[in-house]
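**Q** Just final-v7.cif, nothing more (mmCIF, C-alpha atoms; chains and numbers go by the auth columns):
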```cif
data_work
#
loop_
_atom_site.group_PDB
_atom_site.id
_atom_site.type_symbol
_atom_site.label_atom_id
_atom_site.label_comp_id
_atom_site.label_asym_id
_atom_site.label_seq_id
_atom_site.Cartn_x
_atom_site.Cartn_y
_atom_site.Cartn_z
_atom_site.B_iso_or_equiv
_atom_site.auth_seq_id
_atom_site.auth_asym_id
ATOM 1 C CA MET A 1 0.000 0.000 0.000 0.00 24 Z
ATOM 2 C CA ILE A 2 2.648 2.550 1.106 0.00 25 Z
ATOM 3 C CA ASP A 3 6.265 2.268 -0.017 0.00 26 Z
ATOM 4 C CA ILE A 4 8.768 4.900 1.051 0.00 27 Z
ATOM 5 C CA ASN A 5 12.283 4.714 -0.345 0.00 28 Z
ATOM 6 C CA ALA A 6 15.216 6.828 0.890 0.00 29 Z
ATOM 7 C CA LEU A 7 13.016 9.771 1.946 0.00 30 Z
ATOM 8 C CA THR A 8 14.930 12.819 3.171 0.00 31 Z
ATOM 9 C CA VAL A 9 13.240 16.061 4.230 0.00 32 Z
ATOM 10 C CA ARG A 10 15.168 19.187 5.173 0.00 33 Z
ATOM 11 C CA TYR A 11 14.138 22.512 6.621 0.00 34 Z
ATOM 12 C CA GLY A 12 17.003 24.742 5.584 0.00 35 Z
ATOM 13 C CA GLU A 13 20.189 22.921 6.514 0.00 36 Z
ATOM 14 C CA GLN A 14 18.502 20.698 9.095 0.00 37 Z
ATOM 15 C CA SER A 15 17.365 17.185 8.145 0.00 38 Z
ATOM 16 C CA VAL A 16 14.014 16.390 9.758 0.00 39 Z
ATOM 17 C CA ILE A 17 13.784 12.991 8.047 0.00 40 Z
ATOM 18 C CA GLU A 18 16.937 11.221 6.924 0.00 41 Z
ATOM 19 C CA ASN A 19 17.043 8.400 4.351 0.00 42 Z
ATOM 20 C CA LEU A 20 13.853 6.771 5.671 0.00 43 Z
ATOM 21 C CA ASN A 21 12.546 3.508 4.204 0.00 44 Z
ATOM 22 C CA LEU A 22 9.149 2.091 5.121 0.00 45 Z
ATOM 23 C CA HIS A 23 6.572 -0.367 3.760 0.00 46 Z
ATOM 24 C CA ILE A 24 3.003 -0.514 5.112 0.00 47 Z
ATOM 25 C CA GLN A 25 0.696 -3.278 3.915 0.00 48 Z
ATOM 26 C CA LYS A 26 -2.869 -2.595 2.813 0.00 49 Z
ATOM 27 C CA GLY A 27 -5.460 -2.897 5.580 0.00 50 Z
ATOM 28 C CA THR A 28 -2.910 -2.345 8.356 0.00 51 Z
ATOM 29 C CA ILE A 29 -3.267 0.127 11.211 0.00 52 Z
ATOM 30 C CA CYS A 30 0.144 1.627 11.958 0.00 53 Z
ATOM 31 C CA THR A 31 0.793 3.896 14.906 0.00 54 Z
ATOM 32 C CA LEU A 32 3.742 6.277 14.843 0.00 55 Z
ATOM 33 C CA ILE A 33 5.082 7.452 18.178 0.00 56 Z
ATOM 34 C CA GLY A 34 8.156 9.388 19.263 0.00 57 Z
ATOM 35 C CA PRO A 35 9.321 12.565 21.018 0.00 58 Z
ATOM 36 C CA SER A 36 8.241 16.008 19.850 0.00 59 Z
ATOM 37 C CA GLY A 37 10.253 17.232 16.897 0.00 60 Z
ATOM 38 C CA CYS A 38 11.341 13.766 15.750 0.00 61 Z
ATOM 39 C CA GLY A 39 9.683 14.085 12.318 0.00 62 Z
ATOM 40 C CA LYS A 40 6.372 12.239 12.854 0.00 63 Z
ATOM 41 C CA THR A 41 4.066 14.938 11.537 0.00 64 Z
ATOM 42 C CA THR A 42 6.425 15.793 8.691 0.00 65 Z
ATOM 43 C CA LEU A 43 6.349 12.146 7.609 0.00 66 Z
ATOM 44 C CA LEU A 44 2.538 12.104 7.815 0.00 67 Z
ATOM 45 C CA TYR A 45 2.304 15.273 5.716 0.00 68 Z
ATOM 46 C CA CYS A 46 4.631 13.769 3.117 0.00 69 Z
ATOM 47 C CA ILE A 47 2.401 10.686 2.864 0.00 70 Z
ATOM 48 C CA ALA A 48 -0.636 12.989 2.613 0.00 71 Z
ATOM 49 C CA GLY A 49 1.016 14.807 -0.305 0.00 72 Z
ATOM 50 C CA LEU A 50 1.106 18.116 1.576 0.00 73 Z
ATOM 51 C CA LYS A 51 4.898 18.163 1.944 0.00 74 Z
ATOM 52 C CA LYS A 52 7.509 17.142 -0.604 0.00 75 Z
ATOM 53 C CA GLY A 53 10.777 15.499 0.333 0.00 76 Z
ATOM 54 C CA ASN A 54 14.151 16.779 -0.827 0.00 77 Z
ATOM 55 C CA GLN A 55 15.098 13.250 -1.849 0.00 78 Z
ATOM 56 C CA GLY A 56 13.433 9.867 -2.141 0.00 79 Z
ATOM 57 C CA VAL A 57 10.179 8.448 -3.468 0.00 80 Z
ATOM 58 C CA ILE A 58 6.782 7.707 -1.916 0.00 81 Z
ATOM 59 C CA GLU A 59 4.512 5.243 -3.693 0.00 82 Z
ATOM 60 C CA ILE A 60 0.926 4.588 -2.626 0.00 83 Z
ATOM 61 C CA ASP A 61 -0.940 1.657 -4.111 0.00 84 Z
ATOM 62 C CA GLY A 62 1.752 1.316 -6.773 0.00 85 Z
ATOM 63 C CA GLU A 63 1.697 4.942 -7.935 0.00 86 Z
ATOM 64 C CA THR A 64 4.347 7.582 -7.244 0.00 87 Z
ATOM 65 C CA LEU A 65 2.953 10.324 -5.018 0.00 88 Z
ATOM 66 C CA ASN A 66 3.422 13.798 -6.504 0.00 89 Z
ATOM 67 C CA ASP A 67 0.458 15.667 -5.013 0.00 90 Z
ATOM 68 C CA VAL A 68 -2.540 15.294 -2.706 0.00 91 Z
ATOM 69 C CA ARG A 69 -4.232 11.987 -3.451 0.00 92 Z
ATOM 70 C CA SER A 70 -8.020 11.783 -3.831 0.00 93 Z
ATOM 71 C CA SER A 71 -8.233 8.378 -2.101 0.00 94 Z
ATOM 72 C CA SER A 72 -6.404 9.561 1.032 0.00 95 Z
ATOM 73 C CA SER A 73 -8.043 11.390 3.956 0.00 96 Z
ATOM 74 C CA LEU A 74 -6.345 13.384 6.708 0.00 97 Z
ATOM 75 C CA ILE A 75 -7.720 14.248 10.157 0.00 98 Z
ATOM 76 C CA LEU A 76 -5.825 16.919 12.096 0.00 99 Z
ATOM 77 C CA GLN A 77 -5.676 17.582 15.826 0.00 100 Z
ATOM 78 C CA ASP A 78 -8.304 20.359 15.699 0.00 101 Z
ATOM 79 C CA TYR A 79 -10.547 18.234 13.409 0.00 102 Z
ATOM 80 C CA GLY A 80 -10.784 21.032 10.804 0.00 103 Z
ATOM 81 C CA LEU A 81 -14.586 21.298 10.979 0.00 104 Z
ATOM 82 C CA PHE A 82 -16.359 24.351 9.570 0.00 105 Z
ATOM 83 C CA PRO A 83 -17.977 26.045 12.611 0.00 106 Z
ATOM 84 C CA TRP A 84 -20.637 27.714 10.425 0.00 107 Z
ATOM 85 C CA LYS A 85 -21.800 24.407 8.925 0.00 108 Z
ATOM 86 C CA THR A 86 -24.065 21.819 10.532 0.00 109 Z
ATOM 87 C CA VAL A 87 -23.017 18.219 11.151 0.00 110 Z
ATOM 88 C CA ALA A 88 -24.758 17.161 7.947 0.00 111 Z
ATOM 89 C CA ASP A 89 -23.120 19.903 5.901 0.00 112 Z
ATOM 90 C CA ASN A 90 -19.670 19.226 7.372 0.00 113 Z
ATOM 91 C CA ILE A 91 -19.860 15.521 6.583 0.00 114 Z
ATOM 92 C CA SER A 92 -21.328 15.963 3.104 0.00 115 Z
ATOM 93 C CA PHE A 93 -19.038 18.850 2.116 0.00 116 Z
ATOM 94 C CA PRO A 94 -16.520 16.654 0.199 0.00 117 Z
ATOM 95 C CA LEU A 95 -19.351 15.176 -1.882 0.00 118 Z
ATOM 96 C CA LYS A 96 -20.889 18.558 -2.642 0.00 119 Z
ATOM 97 C CA SER A 97 -17.516 20.030 -3.616 0.00 120 Z
ATOM 98 C CA LYS A 98 -17.075 17.196 -6.128 0.00 121 Z
ATOM 99 C CA GLY A 99 -20.511 17.681 -7.652 0.00 122 Z
ATOM 100 C CA TYR A 100 -22.243 14.487 -6.497 0.00 123 Z
ATOM 101 C CA ALA A 101 -25.977 14.270 -7.150 0.00 124 Z
ATOM 102 C CA LYS A 102 -28.308 15.189 -4.273 0.00 125 Z
ATOM 103 C CA ASP A 103 -29.775 11.678 -3.971 0.00 126 Z
ATOM 104 C CA GLU A 104 -26.333 10.097 -3.758 0.00 127 Z
ATOM 105 C CA ILE A 105 -25.175 12.691 -1.224 0.00 128 Z
ATOM 106 C CA ASN A 106 -28.196 11.987 0.980 0.00 129 Z
ATOM 107 C CA HIS A 107 -27.741 8.201 0.723 0.00 130 Z
ATOM 108 C CA LYS A 108 -24.048 8.384 1.662 0.00 131 Z
ATOM 109 C CA LEU A 109 -24.757 10.927 4.410 0.00 132 Z
ATOM 110 C CA GLN A 110 -27.438 8.789 6.070 0.00 133 Z
ATOM 111 C CA SER A 111 -25.219 5.713 5.881 0.00 134 Z
ATOM 112 C CA THR A 112 -22.320 7.621 7.477 0.00 135 Z
ATOM 113 C CA LEU A 113 -24.517 9.085 10.227 0.00 136 Z
ATOM 114 C CA ASP A 114 -25.785 5.581 11.064 0.00 137 Z
ATOM 115 C CA LYS A 115 -22.312 4.062 11.037 0.00 138 Z
ATOM 116 C CA LEU A 116 -20.875 6.690 13.397 0.00 139 Z
ATOM 117 C CA GLY A 117 -23.827 7.034 15.777 0.00 140 Z
ATOM 118 C CA LEU A 118 -24.578 10.620 14.738 0.00 141 Z
ATOM 119 C CA LYS A 119 -28.281 10.233 13.919 0.00 142 Z
ATOM 120 C CA GLY A 120 -30.267 13.083 15.476 0.00 143 Z
ATOM 121 C CA LEU A 121 -27.291 15.459 15.452 0.00 144 Z
ATOM 122 C CA GLU A 122 -27.525 16.399 11.755 0.00 145 Z
ATOM 123 C CA ASN A 123 -28.633 19.988 12.365 0.00 146 Z
ATOM 124 C CA ARG A 124 -26.258 20.821 15.186 0.00 147 Z
ATOM 125 C CA TYR A 125 -23.162 22.960 14.779 0.00 148 Z
ATOM 126 C CA PRO A 126 -19.670 21.926 15.981 0.00 149 Z
ATOM 127 C CA THR A 127 -19.881 24.270 18.996 0.00 150 Z
ATOM 128 C CA GLU A 128 -22.965 22.356 20.158 0.00 151 Z
ATOM 129 C CA LEU A 129 -21.159 19.004 20.156 0.00 152 Z
ATOM 130 C CA SER A 130 -18.942 17.208 22.648 0.00 153 Z
ATOM 131 C CA GLY A 131 -15.318 16.477 21.770 0.00 154 Z
ATOM 132 C CA GLY A 132 -16.132 12.873 20.946 0.00 155 Z
ATOM 133 C CA GLN A 133 -19.024 13.905 18.700 0.00 156 Z
ATOM 134 C CA ARG A 134 -16.797 16.392 16.852 0.00 157 Z
ATOM 135 C CA GLN A 135 -14.238 13.625 16.372 0.00 158 Z
ATOM 136 C CA ARG A 136 -16.898 11.349 14.875 0.00 159 Z
ATOM 137 C CA VAL A 137 -18.005 14.140 12.528 0.00 160 Z
ATOM 138 C CA ALA A 138 -14.388 14.540 11.403 0.00 161 Z
ATOM 139 C CA LEU A 139 -14.220 10.782 10.824 0.00 162 Z
ATOM 140 C CA GLY A 140 -17.467 10.918 8.868 0.00 163 Z
ATOM 141 C CA ARG A 141 -16.241 13.704 6.615 0.00 164 Z
ATOM 142 C CA SER A 142 -13.013 11.782 5.985 0.00 165 Z
ATOM 143 C CA LEU A 143 -14.744 8.463 5.269 0.00 166 Z
ATOM 144 C CA ILE A 144 -17.706 9.591 3.169 0.00 167 Z
ATOM 145 C CA LEU A 145 -15.583 9.544 0.006 0.00 168 Z
ATOM 146 C CA GLU A 146 -14.611 5.949 0.835 0.00 169 Z
ATOM 147 C CA PRO A 147 -10.827 6.459 0.974 0.00 170 Z
ATOM 148 C CA ASP A 148 -8.391 3.557 1.109 0.00 171 Z
ATOM 149 C CA LEU A 149 -5.933 5.453 3.337 0.00 172 Z
ATOM 150 C CA LEU A 150 -6.740 7.381 6.536 0.00 173 Z
ATOM 151 C CA LEU A 151 -4.067 9.577 8.125 0.00 174 Z
ATOM 152 C CA MET A 152 -4.550 10.951 11.655 0.00 175 Z
ATOM 153 C CA ASP A 153 -2.363 13.518 13.420 0.00 176 Z
ATOM 154 C CA GLU A 154 -2.902 13.507 17.216 0.00 177 Z
ATOM 155 C CA ALA A 155 -6.623 13.426 16.434 0.00 178 Z
ATOM 156 C CA THR A 156 -7.732 12.105 19.854 0.00 179 Z
ATOM 157 C CA SER A 157 -5.311 14.073 22.039 0.00 180 Z
ATOM 158 C CA ALA A 158 -7.914 16.568 23.320 0.00 181 Z
ATOM 159 C CA LEU A 159 -10.406 13.895 24.380 0.00 182 Z
ATOM 160 C CA ASP A 160 -10.957 12.478 27.863 0.00 183 Z
ATOM 161 C CA SER A 161 -9.814 8.906 28.431 0.00 184 Z
ATOM 162 C CA ILE A 162 -13.205 7.197 28.090 0.00 185 Z
ATOM 163 C CA THR A 163 -14.123 9.102 24.920 0.00 186 Z
ATOM 164 C CA LYS A 164 -10.651 8.495 23.503 0.00 187 Z
ATOM 165 C CA GLU A 165 -11.030 4.754 24.013 0.00 188 Z
ATOM 166 C CA ALA A 166 -14.469 4.748 22.370 0.00 189 Z
ATOM 167 C CA ILE A 167 -13.046 6.528 19.319 0.00 190 Z
ATOM 168 C CA GLN A 168 -10.131 4.075 19.196 0.00 191 Z
ATOM 169 C CA ASP A 169 -12.605 1.175 19.186 0.00 192 Z
ATOM 170 C CA GLN A 170 -14.508 2.835 16.349 0.00 193 Z
ATOM 171 C CA ILE A 171 -11.351 3.395 14.288 0.00 194 Z
ATOM 172 C CA ARG A 172 -10.453 -0.295 14.555 0.00 195 Z
ATOM 173 C CA ASP A 173 -14.009 -1.312 13.598 0.00 196 Z
ATOM 174 C CA LEU A 174 -14.073 1.056 10.613 0.00 197 Z
ATOM 175 C CA SER A 175 -10.686 -0.154 9.407 0.00 198 Z
ATOM 176 C CA ALA A 176 -11.834 -3.787 9.548 0.00 199 Z
ATOM 177 C CA GLN A 177 -15.188 -3.074 7.876 0.00 200 Z
ATOM 178 C CA ASN A 178 -13.726 -0.998 5.040 0.00 201 Z
ATOM 179 C CA LYS A 179 -10.318 -2.694 4.625 0.00 202 Z
ATOM 180 C CA LEU A 180 -8.880 0.721 5.389 0.00 203 Z
ATOM 181 C CA THR A 181 -5.158 1.379 5.802 0.00 204 Z
ATOM 182 C CA VAL A 182 -4.602 3.758 8.745 0.00 205 Z
ATOM 183 C CA LEU A 183 -1.542 5.677 9.946 0.00 206 Z
ATOM 184 C CA VAL A 184 -1.939 7.373 13.330 0.00 207 Z
ATOM 185 C CA VAL A 185 0.572 9.850 14.773 0.00 208 Z
ATOM 186 C CA THR A 186 0.266 9.867 18.562 0.00 209 Z
ATOM 187 C CA HIS A 187 2.136 10.748 21.746 0.00 210 Z
ATOM 188 C CA ASN A 188 0.017 8.333 23.774 0.00 211 Z
ATOM 189 C CA ILE A 189 1.603 4.933 24.481 0.00 212 Z
ATOM 190 C CA GLU A 190 -1.690 3.214 25.314 0.00 213 Z
ATOM 191 C CA GLU A 191 -3.251 4.488 22.092 0.00 214 Z
ATOM 192 C CA ALA A 192 -0.261 3.341 20.047 0.00 215 Z
ATOM 193 C CA VAL A 193 -0.469 -0.139 21.570 0.00 216 Z
ATOM 194 C CA PHE A 194 -4.240 -0.572 21.338 0.00 217 Z
ATOM 195 C CA LEU A 195 -4.673 0.778 17.813 0.00 218 Z
ATOM 196 C CA GLY A 196 -1.549 -0.389 16.075 0.00 219 Z
ATOM 197 C CA ASP A 197 -1.205 -3.675 14.246 0.00 220 Z
ATOM 198 C CA ARG A 198 2.270 -2.246 13.857 0.00 221 Z
ATOM 199 C CA ILE A 199 3.947 0.259 16.178 0.00 222 Z
ATOM 200 C CA LEU A 200 6.656 2.482 14.718 0.00 223 Z
ATOM 201 C CA VAL A 201 8.929 4.351 17.132 0.00 224 Z
ATOM 202 C CA MET A 202 10.604 7.374 15.575 0.00 225 Z
ATOM 203 C CA ASN A 203 13.491 9.576 16.665 0.00 226 Z
ATOM 204 C CA GLN A 204 15.649 12.149 14.891 0.00 227 Z
ATOM 205 C CA GLY A 205 14.057 11.514 11.528 0.00 228 Z
ATOM 206 C CA LYS A 206 14.420 7.724 11.565 0.00 229 Z
ATOM 207 C CA ILE A 207 12.319 4.696 12.494 0.00 230 Z
ATOM 208 C CA THR A 208 14.270 3.270 15.424 0.00 231 Z
ATOM 209 C CA HIS A 209 11.915 0.398 16.308 0.00 232 Z
ATOM 210 C CA ASP A 210 9.295 -1.438 14.243 0.00 233 Z
ATOM 211 C CA LEU A 211 7.094 -3.665 16.403 0.00 234 Z
ATOM 212 C CA ASN A 212 4.503 -6.111 15.071 0.00 235 Z
ATOM 213 C CA ASN A 213 1.633 -6.036 17.535 0.00 236 Z
ATOM 214 C CA ASP A 214 -0.565 -9.150 17.691 0.00 237 Z
ATOM 215 C CA LEU A 215 -2.353 -8.054 20.867 0.00 238 Z
ATOM 216 C CA ASP A 216 -5.814 -9.526 21.391 0.00 239 Z
ATOM 217 C CA ARG A 217 -8.372 -6.684 21.018 0.00 240 Z
ATOM 218 C CA SER A 218 -11.171 -8.255 23.097 0.00 241 Z
ATOM 219 C CA ASP A 219 -13.385 -6.047 25.280 0.00 242 Z
ATOM 220 C CA ASP A 220 -11.027 -6.228 28.257 0.00 243 Z
ATOM 221 C CA ALA A 221 -7.811 -5.935 26.232 0.00 244 Z
ATOM 222 C CA ARG A 222 -6.723 -2.683 27.868 0.00 245 Z
ATOM 223 C CA SER A 223 -6.754 -4.268 31.320 0.00 246 Z
ATOM 224 C CA SER A 224 -4.842 -7.398 30.318 0.00 247 Z
ATOM 225 C CA GLU A 225 -1.311 -8.256 31.366 0.00 248 Z
ATOM 226 C CA ALA A 226 -0.293 -8.594 27.701 0.00 249 Z
ATOM 227 C CA PHE A 227 -1.452 -5.021 27.014 0.00 250 Z
ATOM 228 C CA HIS A 228 0.454 -3.751 30.050 0.00 251 Z
ATOM 229 C CA GLN A 229 3.640 -5.552 29.009 0.00 252 Z
ATOM 230 C CA GLN A 230 3.390 -4.219 25.466 0.00 253 Z
ATOM 231 C CA CYS A 231 3.035 -0.685 26.826 0.00 254 Z
ATOM 232 C CA LEU A 232 6.139 -1.204 28.963 0.00 255 Z
ATOM 233 C CA LYS A 233 8.065 -2.412 25.916 0.00 256 Z
ATOM 234 C CA VAL A 234 7.099 0.668 23.891 0.00 257 Z
ATOM 235 C CA ARG A 235 7.886 2.934 26.855 0.00 258 Z
ATOM 236 C CA GLY A 236 11.334 1.356 27.028 0.00 259 Z
ATOM 237 C CA TYR A 237 11.904 2.051 23.328 0.00 260 Z
ATOM 238 C CA LEU A 238 10.831 5.657 23.848 0.00 261 Z
ATOM 239 C CA ASN A 239 13.157 6.060 26.803 0.00 262 Z
ATOM 240 C CA GLU A 240 16.025 5.137 24.506 0.00 263 Z
ATOM 241 C CA THR A 241 15.159 8.138 22.322 0.00 264 Z
ATOM 242 C CA ILE A 242 15.215 10.758 25.078 0.00 265 Z
#
```
If you convert what's in this file into structure tokens, what do you get?

**A**
Amino acid sequence: MIDINALTVRYGEQSVIENLNLHIQKGTICTLIGPSGCGKTTLLYCIAGLKKGNQGVIEIDGETLNDVRSSSSLILQDYGLFPWKTVADNISFPLKSKGYAKDEINHKLQSTLDKLGLKGLENRYPTELSGGQRQRVALGRSLILEPDLLLMDEATSALDSITKEAIQDQIRDLSAQNKLTVLVVTHNIEEAVFLGDRILVMNQGKITHDLNNDLDRSDDARSSEAFHQQCLKVRGYLNETI
């Protein structure tokens, strides 16, 4: 799905990403964690087509990435919702901007509202929603065009723990249902461990650890000893980067 070969990104004379190579299989949820300033968000923006590297090549689904890709969606930390638009208008905005017919817009909108538990909130504005509801609206707007790649930059960081966990559960469900490839930038160890089929630890522009994560995601997974041990392992990797 994603192939990155010898990617280098510089800001002036400083290398933020240095000769990075990475392959992410289709349908995988990858979490990317590391200290502030290590290059995580820059890497995400490169994969989103918003930032170009000084050297190297990014291929997505077999095609070289040269610009923003229509089948990729990006959710930022502040969700990027339009405060003057209702829930329905925020979610359906990508369809309207691409000229979809009204009947198709309504069908896709209703399906998305059902899927994300937003029925009854269609006419509310973002300021009238909780943090978790705003996050689900952002997910809905990103998923309504049926992307094959979802990129998330600290998108749950402002949420309380219970809401954050509910959103994490929903992301895993949506990925499984839609065979969606997901890359999540996070500072939260527990989020990285619960969400990631693969956990990438980054420091100084390089992937320092690449951990396959076969953790059981049953209802009580977060309270299991295996989950706790995996968190300790990731914490140890992060401590090496400080």

**Q** How would you write, as number ranges by chain, the residues chosen by the PyMOL selection byres ((chain Z and resi 133-148) around 10) on this structure?

**A** Z: 104-115, 127-132, 149-152, 156-157, 159-160, 162-164, 166-167, 190, 193, 197

**Q** Record the distance separating atom CA of Z:Gly76 and atom CA of Z:Gly35, expressed in Å with one decimal.

**A**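 Computing the Euclidean distance for atom CA of Z:Gly76 and atom CA of Z:Gly35 yields 12.3 Å.
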
**Q** Which neighbours of stretch 232-245 of chain Z fall inside 9 Å, counting all atoms listed in the file, when residues of the same chain fewer than 2 positions from it are skipped, and could you give them as a list in words?

**A** Glu213, Val216, Phe217, Leu218, Gly219, Asp220, Arg221, Ile222, Leu223, Val224, Met225, Ile230, Ser247, Glu248, Ala249, Phe250, His251, Gln253, Val257 and Tyr260 of chain Z

**Q** Do you know which residues the PyMOL selection byres ((chain Z and resi 54-65) around 8) returns on this file, as a ChimeraX atom specification?

**A** /Z:39-40,52-53,66-69,74,176,206-212,215-216,218-229,261,264-265

**Q** Rounded to one decimal in Å, what is the spacing between atom CA of Z:Ser94 and atom CA of Z:Ile81?

**A**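 Between these atoms lies a distance of 15.0 Å.
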
**Q** So, counting all atoms listed in the file, which residue among Z:Leu88, Z:Ala124, Z:Ile47, Z:Leu99 is closest to Z:Gly72?

**A**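 For Z:Gly72, the nearest of the given residues is Z:Leu88.
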
**Q** Which residues come within 8 Å of Z:Gly154, counting all atoms listed in the file, excluding same-chain residues fewer than 3 positions away, as number ranges by chain?

**A** Z: 157-158, 181-182

**Q** Evaluate the PyMOL selection byres ((chain Z and resi 83) around 10) on the structure here and hand back the selected residues as a PDB file with C-alpha atoms, in the coordinates of the input.

**A**
```
ATOM      1  CA  MET Z  24       0.000   0.000   0.000  1.00  0.00           C
ATOM      2  CA  ILE Z  25       2.648   2.550   1.106  1.00  0.00           C
ATOM      3  CA  ASP Z  26       6.265   2.268  -0.017  1.00  0.00           C
ATOM      4  CA  ILE Z  27       8.768   4.900   1.051  1.00  0.00           C
ATOM      5  CA  HIS Z  46       6.572  -0.367   3.760  1.00  0.00           C
ATOM      6  CA  ILE Z  47       3.003  -0.514   5.112  1.00  0.00           C
ATOM      7  CA  LYS Z  49      -2.869  -2.595   2.813  1.00  0.00           C
ATOM      8  CA  ILE Z  70       2.401  10.686   2.864  1.00  0.00           C
ATOM      9  CA  ILE Z  81       6.782   7.707  -1.916  1.00  0.00           C
ATOM     10  CA  GLU Z  82       4.512   5.243  -3.693  1.00  0.00           C
ATOM     11  CA  ASP Z  84      -0.940   1.657  -4.111  1.00  0.00           C
ATOM     12  CA  GLY Z  85       1.752   1.316  -6.773  1.00  0.00           C
ATOM     13  CA  GLU Z  86       1.697   4.942  -7.935  1.00  0.00           C
ATOM     14  CA  THR Z  87       4.347   7.582  -7.244  1.00  0.00           C
ATOM     15  CA  LEU Z  88       2.953  10.324  -5.018  1.00  0.00           C
ATOM     16  CA  ARG Z  92      -4.232  11.987  -3.451  1.00  0.00           C
ATOM     17  CA  SER Z  94      -8.233   8.378  -2.101  1.00  0.00           C
ATOM     18  CA  SER Z  95      -6.404   9.561   1.032  1.00  0.00           C
ATOM     19  CA  LEU Z 172      -5.933   5.453   3.337  1.00  0.00           C
TER      20      LEU Z 172
END
```

**Q** Record the distance separating atom CA of Z:Ser120 and atom CA of Z:Ile98, expressed in Å with one decimal.

**A** 17.9 Å
